[in-house]
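The next block is coords_2.txt, given as compact mmCIF, N, CA and C atoms.
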# COMPACT_ATOMS: atom_id res chain seq x y z
N MET V 231 -24.46 -37.27 -0.12
CA MET V 231 -23.48 -36.32 0.37
C MET V 231 -24.11 -34.93 0.41
N ARG V 232 -23.88 -34.22 1.52
CA ARG V 232 -24.40 -32.86 1.68
C ARG V 232 -23.63 -31.88 0.81
N PRO V 233 -24.30 -30.83 0.36
CA PRO V 233 -23.55 -29.78 -0.36
C PRO V 233 -22.61 -29.07 0.62
N ALA V 234 -21.51 -28.56 0.09
CA ALA V 234 -20.53 -27.86 0.92
C ALA V 234 -21.16 -26.61 1.52
N ASP V 235 -20.89 -26.38 2.79
CA ASP V 235 -21.37 -25.20 3.49
C ASP V 235 -20.21 -24.71 4.36
N PRO V 236 -19.29 -23.90 3.77
CA PRO V 236 -18.10 -23.48 4.51
C PRO V 236 -18.40 -22.79 5.84
N LEU V 237 -19.46 -22.00 5.89
CA LEU V 237 -19.80 -21.31 7.13
C LEU V 237 -20.12 -22.32 8.23
N ARG V 238 -20.99 -23.25 7.92
CA ARG V 238 -21.37 -24.26 8.90
C ARG V 238 -20.18 -25.13 9.28
N ASP V 239 -19.44 -25.59 8.26
CA ASP V 239 -18.34 -26.52 8.52
C ASP V 239 -17.19 -25.87 9.29
N LEU V 240 -16.85 -24.63 8.96
CA LEU V 240 -15.79 -23.94 9.70
C LEU V 240 -16.23 -23.71 11.14
N GLY V 241 -17.48 -23.36 11.34
CA GLY V 241 -18.01 -23.20 12.70
C GLY V 241 -17.94 -24.50 13.48
N ARG V 242 -18.29 -25.62 12.83
CA ARG V 242 -18.22 -26.93 13.49
C ARG V 242 -16.79 -27.27 13.86
N VAL V 243 -15.85 -27.00 12.94
CA VAL V 243 -14.44 -27.29 13.21
C VAL V 243 -13.95 -26.44 14.38
N ALA V 244 -14.27 -25.14 14.36
CA ALA V 244 -13.83 -24.24 15.43
C ALA V 244 -14.38 -24.69 16.78
N GLN V 245 -15.65 -25.03 16.83
CA GLN V 245 -16.26 -25.46 18.09
C GLN V 245 -15.67 -26.78 18.57
N ALA V 246 -15.48 -27.72 17.65
CA ALA V 246 -14.92 -29.02 18.04
C ALA V 246 -13.48 -28.87 18.51
N PHE V 247 -12.71 -28.01 17.84
CA PHE V 247 -11.33 -27.79 18.27
C PHE V 247 -11.29 -27.14 19.64
N GLU V 248 -12.20 -26.21 19.88
CA GLU V 248 -12.26 -25.57 21.20
C GLU V 248 -12.56 -26.61 22.28
N ARG V 249 -13.46 -27.55 22.01
CA ARG V 249 -13.74 -28.60 22.98
C ARG V 249 -12.52 -29.50 23.18
N LEU V 250 -11.81 -29.81 22.10
CA LEU V 250 -10.59 -30.61 22.20
C LEU V 250 -9.55 -29.90 23.05
N GLU V 251 -9.37 -28.61 22.81
CA GLU V 251 -8.43 -27.81 23.61
C GLU V 251 -8.82 -27.80 25.07
N ARG V 252 -10.09 -27.58 25.34
CA ARG V 252 -10.55 -27.51 26.73
C ARG V 252 -10.31 -28.83 27.44
N ALA V 253 -10.50 -29.95 26.75
CA ALA V 253 -10.24 -31.26 27.35
C ALA V 253 -8.76 -31.40 27.70
N ALA V 254 -7.89 -30.98 26.79
CA ALA V 254 -6.44 -31.03 27.05
C ALA V 254 -6.07 -30.10 28.19
N PHE V 255 -6.69 -28.91 28.24
CA PHE V 255 -6.42 -27.96 29.31
C PHE V 255 -6.84 -28.55 30.65
N ALA V 256 -8.03 -29.15 30.70
CA ALA V 256 -8.53 -29.73 31.94
C ALA V 256 -7.61 -30.86 32.40
N GLU V 257 -7.14 -31.66 31.44
CA GLU V 257 -6.23 -32.77 31.75
C GLU V 257 -4.92 -32.26 32.34
N SER V 258 -4.50 -31.07 31.93
CA SER V 258 -3.23 -30.51 32.41
C SER V 258 -3.32 -30.00 33.84
N GLY V 259 -4.53 -29.76 34.32
CA GLY V 259 -4.70 -29.23 35.67
C GLY V 259 -4.61 -27.72 35.75
N ALA V 260 -4.39 -27.05 34.63
CA ALA V 260 -4.29 -25.59 34.60
C ALA V 260 -5.60 -25.01 34.07
N THR V 261 -5.80 -23.73 34.32
CA THR V 261 -6.99 -23.08 33.79
C THR V 261 -6.81 -22.84 32.29
N GLU V 262 -7.90 -22.54 31.63
CA GLU V 262 -7.83 -22.26 30.20
C GLU V 262 -6.93 -21.07 29.90
N THR V 263 -7.05 -20.01 30.70
CA THR V 263 -6.21 -18.83 30.48
C THR V 263 -4.74 -19.16 30.70
N GLU V 264 -4.43 -19.93 31.74
CA GLU V 264 -3.04 -20.32 31.99
C GLU V 264 -2.49 -21.12 30.80
N CYS V 265 -3.29 -22.03 30.29
CA CYS V 265 -2.85 -22.84 29.14
C CYS V 265 -2.62 -21.98 27.91
N ARG V 266 -3.52 -21.03 27.68
CA ARG V 266 -3.35 -20.15 26.52
C ARG V 266 -2.09 -19.28 26.68
N ILE V 267 -1.81 -18.83 27.89
CA ILE V 267 -0.60 -18.06 28.14
C ILE V 267 0.63 -18.92 27.90
N LEU V 268 0.63 -20.14 28.42
CA LEU V 268 1.74 -21.05 28.18
C LEU V 268 1.97 -21.25 26.69
N ALA V 269 0.87 -21.48 25.96
CA ALA V 269 0.97 -21.73 24.51
C ALA V 269 1.51 -20.51 23.78
N GLU V 270 1.10 -19.32 24.17
CA GLU V 270 1.56 -18.10 23.50
C GLU V 270 3.02 -17.79 23.82
N LEU V 271 3.43 -18.08 25.05
CA LEU V 271 4.79 -17.74 25.44
C LEU V 271 5.82 -18.77 24.99
N LEU V 272 5.39 -19.99 24.70
CA LEU V 272 6.35 -21.05 24.34
C LEU V 272 7.24 -20.65 23.16
N PRO V 273 6.68 -20.17 22.05
CA PRO V 273 7.57 -19.82 20.94
C PRO V 273 8.17 -18.42 21.06
N ALA V 274 7.72 -17.64 22.03
CA ALA V 274 8.14 -16.24 22.14
C ALA V 274 9.33 -16.10 23.09
N ARG V 275 10.01 -15.00 22.95
CA ARG V 275 11.10 -14.67 23.88
C ARG V 275 10.59 -13.75 24.98
N GLY V 276 9.30 -13.71 25.12
CA GLY V 276 8.66 -12.86 26.11
C GLY V 276 7.79 -11.84 25.43
N MET V 277 6.80 -11.36 26.16
CA MET V 277 5.93 -10.31 25.63
C MET V 277 5.29 -9.56 26.79
N SER V 278 4.79 -8.40 26.49
CA SER V 278 4.15 -7.58 27.50
C SER V 278 2.82 -8.21 27.89
N VAL V 279 2.32 -7.83 29.05
CA VAL V 279 1.02 -8.31 29.50
C VAL V 279 -0.06 -7.85 28.52
N SER V 280 0.06 -6.63 28.01
CA SER V 280 -0.94 -6.13 27.04
C SER V 280 -0.97 -6.99 25.79
N ALA V 281 0.20 -7.31 25.25
CA ALA V 281 0.26 -8.15 24.05
C ALA V 281 -0.27 -9.54 24.36
N LEU V 282 0.07 -10.05 25.52
CA LEU V 282 -0.39 -11.37 25.92
C LEU V 282 -1.91 -11.39 26.05
N ALA V 283 -2.48 -10.34 26.65
CA ALA V 283 -3.93 -10.25 26.80
C ALA V 283 -4.62 -10.26 25.44
N MET V 284 -4.06 -9.52 24.50
CA MET V 284 -4.63 -9.49 23.16
C MET V 284 -4.56 -10.88 22.52
N ARG V 285 -3.42 -11.56 22.68
CA ARG V 285 -3.23 -12.88 22.06
C ARG V 285 -4.14 -13.94 22.65
N VAL V 286 -4.40 -13.88 23.95
CA VAL V 286 -5.24 -14.90 24.58
C VAL V 286 -6.72 -14.50 24.61
N GLY V 287 -7.01 -13.28 24.18
CA GLY V 287 -8.41 -12.85 24.08
C GLY V 287 -9.05 -12.53 25.41
N SER V 288 -8.28 -12.02 26.35
CA SER V 288 -8.81 -11.61 27.66
C SER V 288 -8.38 -10.18 27.94
N ASP V 289 -9.00 -9.60 28.96
CA ASP V 289 -8.61 -8.22 29.27
C ASP V 289 -7.32 -8.20 30.09
N ARG V 290 -6.64 -7.07 30.01
CA ARG V 290 -5.32 -6.93 30.61
C ARG V 290 -5.31 -7.17 32.12
N PRO V 291 -6.26 -6.61 32.90
CA PRO V 291 -6.22 -6.85 34.34
C PRO V 291 -6.34 -8.34 34.70
N TRP V 292 -7.21 -9.06 33.99
CA TRP V 292 -7.36 -10.49 34.27
C TRP V 292 -6.08 -11.25 33.94
N VAL V 293 -5.50 -10.97 32.78
CA VAL V 293 -4.27 -11.64 32.39
C VAL V 293 -3.15 -11.30 33.37
N SER V 294 -3.11 -10.08 33.83
CA SER V 294 -2.10 -9.68 34.79
C SER V 294 -2.22 -10.49 36.08
N GLN V 295 -3.44 -10.72 36.54
CA GLN V 295 -3.67 -11.54 37.74
C GLN V 295 -3.21 -12.98 37.51
N VAL V 296 -3.56 -13.53 36.36
CA VAL V 296 -3.19 -14.91 36.06
C VAL V 296 -1.67 -15.02 35.96
N VAL V 297 -1.04 -14.04 35.31
CA VAL V 297 0.42 -14.04 35.18
C VAL V 297 1.07 -13.99 36.57
N GLU V 298 0.52 -13.20 37.46
CA GLU V 298 1.09 -13.12 38.82
C GLU V 298 0.97 -14.47 39.52
N ARG V 299 -0.16 -15.11 39.38
CA ARG V 299 -0.34 -16.44 39.97
C ARG V 299 0.66 -17.43 39.37
N MET V 300 0.85 -17.35 38.06
CA MET V 300 1.81 -18.24 37.38
C MET V 300 3.25 -17.92 37.81
N ARG V 301 3.52 -16.64 38.08
CA ARG V 301 4.85 -16.26 38.57
C ARG V 301 5.10 -16.88 39.93
N GLN V 302 4.10 -16.85 40.78
CA GLN V 302 4.23 -17.43 42.12
C GLN V 302 4.43 -18.95 42.06
N GLU V 303 3.89 -19.57 41.02
CA GLU V 303 4.06 -21.02 40.84
C GLU V 303 5.37 -21.36 40.15
N GLY V 304 6.12 -20.34 39.73
CA GLY V 304 7.40 -20.57 39.09
C GLY V 304 7.33 -20.88 37.60
N LEU V 305 6.18 -20.57 36.97
CA LEU V 305 6.01 -20.87 35.54
C LEU V 305 6.47 -19.74 34.63
N VAL V 306 6.36 -18.51 35.12
CA VAL V 306 6.77 -17.35 34.33
C VAL V 306 7.61 -16.43 35.20
N GLU V 307 8.32 -15.55 34.54
CA GLU V 307 9.06 -14.52 35.26
C GLU V 307 8.90 -13.20 34.51
N ARG V 308 9.07 -12.14 35.25
CA ARG V 308 9.01 -10.80 34.67
C ARG V 308 10.44 -10.32 34.49
N GLU V 309 10.66 -9.63 33.37
CA GLU V 309 11.99 -9.07 33.12
C GLU V 309 11.82 -7.72 32.43
N PRO V 310 12.77 -6.82 32.61
CA PRO V 310 12.67 -5.53 31.92
C PRO V 310 12.71 -5.75 30.40
N ASP V 311 11.89 -5.00 29.70
CA ASP V 311 11.89 -5.05 28.24
C ASP V 311 13.20 -4.43 27.75
N PRO V 312 14.00 -5.16 26.96
CA PRO V 312 15.28 -4.61 26.51
C PRO V 312 15.13 -3.36 25.64
N GLU V 313 13.95 -3.18 25.02
CA GLU V 313 13.74 -2.01 24.16
C GLU V 313 13.20 -0.81 24.92
N ASP V 314 12.60 -1.06 26.09
CA ASP V 314 12.03 0.03 26.89
C ASP V 314 12.03 -0.42 28.35
N ARG V 315 13.01 0.03 29.11
CA ARG V 315 13.20 -0.41 30.49
C ARG V 315 12.01 -0.09 31.40
N ARG V 316 11.12 0.79 30.96
CA ARG V 316 9.95 1.11 31.78
C ARG V 316 8.90 0.00 31.68
N ARG V 317 9.00 -0.81 30.65
CA ARG V 317 8.03 -1.89 30.43
C ARG V 317 8.59 -3.21 30.93
N VAL V 318 7.68 -4.13 31.19
CA VAL V 318 8.06 -5.46 31.66
C VAL V 318 7.58 -6.49 30.65
N ARG V 319 8.42 -7.48 30.43
CA ARG V 319 8.05 -8.59 29.56
C ARG V 319 7.87 -9.84 30.41
N ILE V 320 6.96 -10.68 29.99
CA ILE V 320 6.70 -11.94 30.67
C ILE V 320 7.31 -13.05 29.81
N ARG V 321 8.04 -13.94 30.46
CA ARG V 321 8.60 -15.07 29.72
C ARG V 321 8.52 -16.32 30.58
N LEU V 322 8.57 -17.45 29.92
CA LEU V 322 8.49 -18.73 30.62
C LEU V 322 9.79 -19.04 31.34
N THR V 323 9.67 -19.66 32.50
CA THR V 323 10.83 -20.21 33.20
C THR V 323 11.07 -21.60 32.60
N ALA V 324 12.09 -22.28 33.05
CA ALA V 324 12.35 -23.65 32.58
C ALA V 324 11.15 -24.54 32.91
N LEU V 325 10.59 -24.39 34.11
CA LEU V 325 9.41 -25.17 34.48
C LEU V 325 8.24 -24.82 33.57
N GLY V 326 8.05 -23.55 33.28
CA GLY V 326 6.98 -23.12 32.39
C GLY V 326 7.15 -23.68 30.99
N ARG V 327 8.39 -23.70 30.49
CA ARG V 327 8.65 -24.26 29.16
C ARG V 327 8.31 -25.76 29.13
N ARG V 328 8.67 -26.47 30.20
CA ARG V 328 8.34 -27.90 30.25
C ARG V 328 6.84 -28.12 30.27
N ARG V 329 6.14 -27.32 31.08
CA ARG V 329 4.68 -27.46 31.16
C ARG V 329 4.04 -27.11 29.82
N ALA V 330 4.50 -26.05 29.17
CA ALA V 330 3.96 -25.65 27.87
C ALA V 330 4.24 -26.72 26.82
N ALA V 331 5.44 -27.29 26.85
CA ALA V 331 5.79 -28.34 25.89
C ALA V 331 4.92 -29.57 26.11
N GLN V 332 4.64 -29.93 27.36
CA GLN V 332 3.77 -31.07 27.66
C GLN V 332 2.37 -30.83 27.13
N LEU V 333 1.87 -29.63 27.32
CA LEU V 333 0.55 -29.27 26.83
C LEU V 333 0.51 -29.36 25.30
N ARG V 334 1.54 -28.85 24.66
CA ARG V 334 1.61 -28.90 23.19
C ARG V 334 1.64 -30.34 22.70
N ILE V 335 2.40 -31.19 23.35
CA ILE V 335 2.47 -32.60 22.97
C ILE V 335 1.10 -33.26 23.13
N SER V 336 0.42 -32.97 24.22
CA SER V 336 -0.91 -33.52 24.45
C SER V 336 -1.88 -33.11 23.34
N LEU V 337 -1.84 -31.84 22.98
CA LEU V 337 -2.71 -31.36 21.90
C LEU V 337 -2.33 -31.98 20.56
N GLN V 338 -1.03 -32.09 20.29
CA GLN V 338 -0.59 -32.71 19.03
C GLN V 338 -1.04 -34.16 18.94
N GLU V 339 -0.97 -34.88 20.06
CA GLU V 339 -1.41 -36.28 20.07
C GLU V 339 -2.90 -36.38 19.79
N GLN V 340 -3.68 -35.49 20.40
CA GLN V 340 -5.12 -35.51 20.16
C GLN V 340 -5.44 -35.18 18.71
N ILE V 341 -4.72 -34.22 18.15
CA ILE V 341 -4.96 -33.85 16.75
C ILE V 341 -4.55 -34.99 15.83
N ALA V 342 -3.44 -35.65 16.13
CA ALA V 342 -3.00 -36.79 15.32
C ALA V 342 -4.06 -37.90 15.35
N ARG V 343 -4.62 -38.18 16.53
CA ARG V 343 -5.68 -39.20 16.63
C ARG V 343 -6.90 -38.78 15.81
N LEU V 344 -7.23 -37.51 15.91
CA LEU V 344 -8.37 -36.99 15.15
C LEU V 344 -8.13 -37.12 13.65
N LEU V 345 -6.96 -36.66 13.19
CA LEU V 345 -6.67 -36.71 11.76
C LEU V 345 -6.55 -38.14 11.24
N SER V 346 -6.19 -39.08 12.10
CA SER V 346 -6.08 -40.47 11.65
C SER V 346 -7.44 -41.03 11.25
N ARG V 347 -8.51 -40.36 11.66
CA ARG V 347 -9.86 -40.81 11.30
C ARG V 347 -10.32 -40.26 9.95
N VAL V 348 -9.49 -39.41 9.34
CA VAL V 348 -9.81 -38.82 8.04
C VAL V 348 -9.05 -39.61 6.98
N PRO V 349 -9.70 -39.94 5.85
CA PRO V 349 -8.99 -40.67 4.79
C PRO V 349 -7.71 -39.94 4.36
N SER V 350 -6.69 -40.72 4.06
CA SER V 350 -5.34 -40.20 3.81
C SER V 350 -5.25 -39.04 2.81
N PRO V 351 -5.80 -39.16 1.58
CA PRO V 351 -5.65 -38.03 0.64
C PRO V 351 -6.32 -36.75 1.17
N THR V 352 -7.47 -36.90 1.80
CA THR V 352 -8.17 -35.74 2.36
C THR V 352 -7.39 -35.17 3.53
N ARG V 353 -6.82 -36.04 4.36
CA ARG V 353 -6.02 -35.61 5.52
C ARG V 353 -4.90 -34.70 5.07
N GLN V 354 -4.19 -35.10 4.02
CA GLN V 354 -3.07 -34.29 3.51
C GLN V 354 -3.56 -32.93 3.01
N GLN V 355 -4.70 -32.92 2.33
CA GLN V 355 -5.25 -31.66 1.84
C GLN V 355 -5.62 -30.74 3.00
N ILE V 356 -6.20 -31.32 4.04
CA ILE V 356 -6.58 -30.53 5.22
C ILE V 356 -5.34 -29.92 5.86
N VAL V 357 -4.32 -30.75 6.08
CA VAL V 357 -3.10 -30.28 6.73
C VAL V 357 -2.45 -29.17 5.91
N GLU V 358 -2.41 -29.33 4.59
CA GLU V 358 -1.81 -28.31 3.73
C GLU V 358 -2.63 -27.02 3.67
N ALA V 359 -3.95 -27.12 3.89
CA ALA V 359 -4.82 -25.95 3.81
C ALA V 359 -4.85 -25.16 5.12
N LEU V 360 -4.48 -25.78 6.23
CA LEU V 360 -4.60 -25.10 7.52
C LEU V 360 -3.73 -23.85 7.63
N GLY V 361 -2.50 -23.90 7.16
CA GLY V 361 -1.61 -22.74 7.23
C GLY V 361 -2.18 -21.54 6.46
N PRO V 362 -2.52 -21.72 5.18
CA PRO V 362 -3.10 -20.59 4.44
C PRO V 362 -4.42 -20.10 5.03
N LEU V 363 -5.22 -21.02 5.57
CA LEU V 363 -6.47 -20.60 6.21
C LEU V 363 -6.18 -19.76 7.45
N ALA V 364 -5.25 -20.20 8.28
CA ALA V 364 -4.87 -19.43 9.48
C ALA V 364 -4.32 -18.06 9.08
N ASP V 365 -3.49 -18.02 8.03
CA ASP V 365 -2.95 -16.75 7.55
C ASP V 365 -4.07 -15.80 7.13
N ALA V 366 -5.06 -16.34 6.41
CA ALA V 366 -6.18 -15.52 5.94
C ALA V 366 -7.00 -15.00 7.12
N LEU V 367 -7.25 -15.85 8.11
CA LEU V 367 -8.00 -15.43 9.28
C LEU V 367 -7.26 -14.34 10.05
N GLU V 368 -5.94 -14.51 10.23
CA GLU V 368 -5.14 -13.51 10.94
C GLU V 368 -5.08 -12.20 10.17
N ALA V 369 -4.95 -12.27 8.85
CA ALA V 369 -4.94 -11.05 8.03
C ALA V 369 -6.27 -10.31 8.16
N ASN V 370 -7.34 -11.07 8.20
CA ASN V 370 -8.67 -10.46 8.37
C ASN V 370 -8.76 -9.77 9.74
N GLU V 371 -8.27 -10.42 10.79
CA GLU V 371 -8.28 -9.81 12.12
C GLU V 371 -7.50 -8.51 12.13
N ARG V 372 -6.32 -8.50 11.51
CA ARG V 372 -5.52 -7.27 11.46
C ARG V 372 -6.25 -6.17 10.71
N ARG V 373 -6.91 -6.52 9.63
CA ARG V 373 -7.66 -5.55 8.84
C ARG V 373 -8.79 -4.98 9.66
N VAL V 374 -9.52 -5.83 10.37
CA VAL V 374 -10.65 -5.36 11.18
C VAL V 374 -10.16 -4.47 12.31
N ARG V 375 -9.05 -4.81 12.97
CA ARG V 375 -8.50 -3.99 14.05
C ARG V 375 -8.06 -2.63 13.54
N ALA V 376 -7.59 -2.58 12.30
CA ALA V 376 -7.08 -1.32 11.73
C ALA V 376 -8.23 -0.36 11.39
N LEU V 377 -9.43 -0.86 11.29
CA LEU V 377 -10.58 0.01 10.92
C LEU V 377 -10.96 0.95 12.01
Using C-alpha cells, write down the structure from this file.
Amino acid sequence: MRPADPLRDLGRVAQAFERLERAAFAESGATETECRILAELLPARGMSVSALAMRVGSDRPWVSQVVERMRQEGLVEREPDPEDRRRVRIRLTALGRRRAAQLRISLQEQIARLLSRVPSPTRQQIVEALGPLADALEANERRVRAL
C-alpha cells in the first residue's frame, strides 16, 4: 500500500471528476458552460450574470453570450432584480429546470456507479467527508478573494 499523499490524491480526484462531468455534459448535448450554468441556476431563484460568471469560472462577457443563446433556446429568462430594478437576474424556465434536473440525475447516476466500486465502510467515510471538504475549499476561496 502506498503512503497517503493528499496533494496527489485530491488532484487525481479533481481531474477524474472533471472528466466524469465532461462526459455527462457531452452526453447532454450542451456545452460545458451551458451545463455549469444549468447546474448553478437549478437550486437558485436567479442570479446576476456577474455572479453566474464567478460561479462557473468564466468571464462575464462570455457568460452573457451563453446566457443569451440559452434564452433564445427557452432555457433561461431574464427578469428585473427585485432588490435593484436596474439589474437583471437570470433564472431557469420550466424547460431549463427539466434539462438541469436531467443533467443532475445523469451525474448522480455516474457518481453512484463510481462509489459502488469503493468498499462499503470506506464509501460511507468518503461521502461523509465530502461536505466538510467542500466547505473548507469554499472557505479558502473566500479568504483568498478577500486578500
(message) Run DSSP on the backbone and tell me which residues of stretch 306-365 of chain V come out as strand (DSSP E); list them as a ChimeraX atom specification.
(response) /V:306-311,314-322
(request) Mind giving me the straight-line distance from atom CA of V:Val286 to atom CA of V:Arg266 in Å, one decimal? (result)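 Between these atoms lies a distance of 5.9 Å.
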Counting all atoms listed in the file, what is within 8 Å of V:Arg327, bar same-chain residues fewer than 6 positions away, as a short mmCIF file (atom, residue, chain, number, x, y, z; two decimals) with N, CA and C atoms, in the coordinates of the input?
data_model
loop_
_atom_site.label_atom_id
_atom_site.label_comp_id
_atom_site.auth_asym_id
_atom_site.auth_seq_id
_atom_site.Cartn_x
_atom_site.Cartn_y
_atom_site.Cartn_z
N LEU V 268 0.63 -20.14 28.42
CA LEU V 268 1.74 -21.05 28.18
C LEU V 268 1.97 -21.25 26.69
N LEU V 271 3.43 -18.08 25.05
CA LEU V 271 4.79 -17.74 25.44
C LEU V 271 5.82 -18.77 24.99
N LEU V 272 5.39 -19.99 24.70
CA LEU V 272 6.35 -21.05 24.34
C LEU V 272 7.24 -20.65 23.16
N GLY V 304 6.12 -20.34 39.73
CA GLY V 304 7.40 -20.57 39.09
C GLY V 304 7.33 -20.88 37.60
N LEU V 305 6.18 -20.57 36.97
CA LEU V 305 6.01 -20.87 35.54
C LEU V 305 6.47 -19.74 34.63
N VAL V 306 6.36 -18.51 35.12
CA VAL V 306 6.77 -17.35 34.33
C VAL V 306 7.61 -16.43 35.20
N ARG V 321 8.04 -13.94 30.46
CA ARG V 321 8.60 -15.07 29.72
C ARG V 321 8.52 -16.32 30.58
N LEU V 333 1.87 -29.63 27.32
CA LEU V 333 0.55 -29.27 26.83
C LEU V 333 0.51 -29.36 25.30
#
(request) State, in Å with one decimal place, the distance from atom CA of V:Val243 to atom CA of V:Thr352. (result)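 A separation of 15.1 Å between them.
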(request) Can you work out the spacing between atom C of V:Val293 and atom C of V:Ala244 in Å, to one decimal? (result) 24.1 Å
Box for stretch 359-369 of chain V - axis-aligned, 4 Å on each of the six sides, all listed atoms - centre and size in Å to one decimal, as AutoDock Vina command-line options.
--center_x -4.8 --center_y -18.7 --center_z 7.4 --size_x 14.4 --size_y 24.8 --size_z 15.1
(request) Pick out the residues sitting within 7 Å of stretch 316-320 of chain V, and hand them over as a VMD selection string; count all atoms listed in the file, and ignore anything fewer than 4 positions along from it in its own chain. (result) chain V and resid 271 275 to 279 306 to 312
(message) Ranking V:Glu251, V:Glu313, V:Glu298, V:Glu303 by minimum distance to V:Leu337 and counting all atoms listed in the file, which one comes first?
(response) V:Glu251
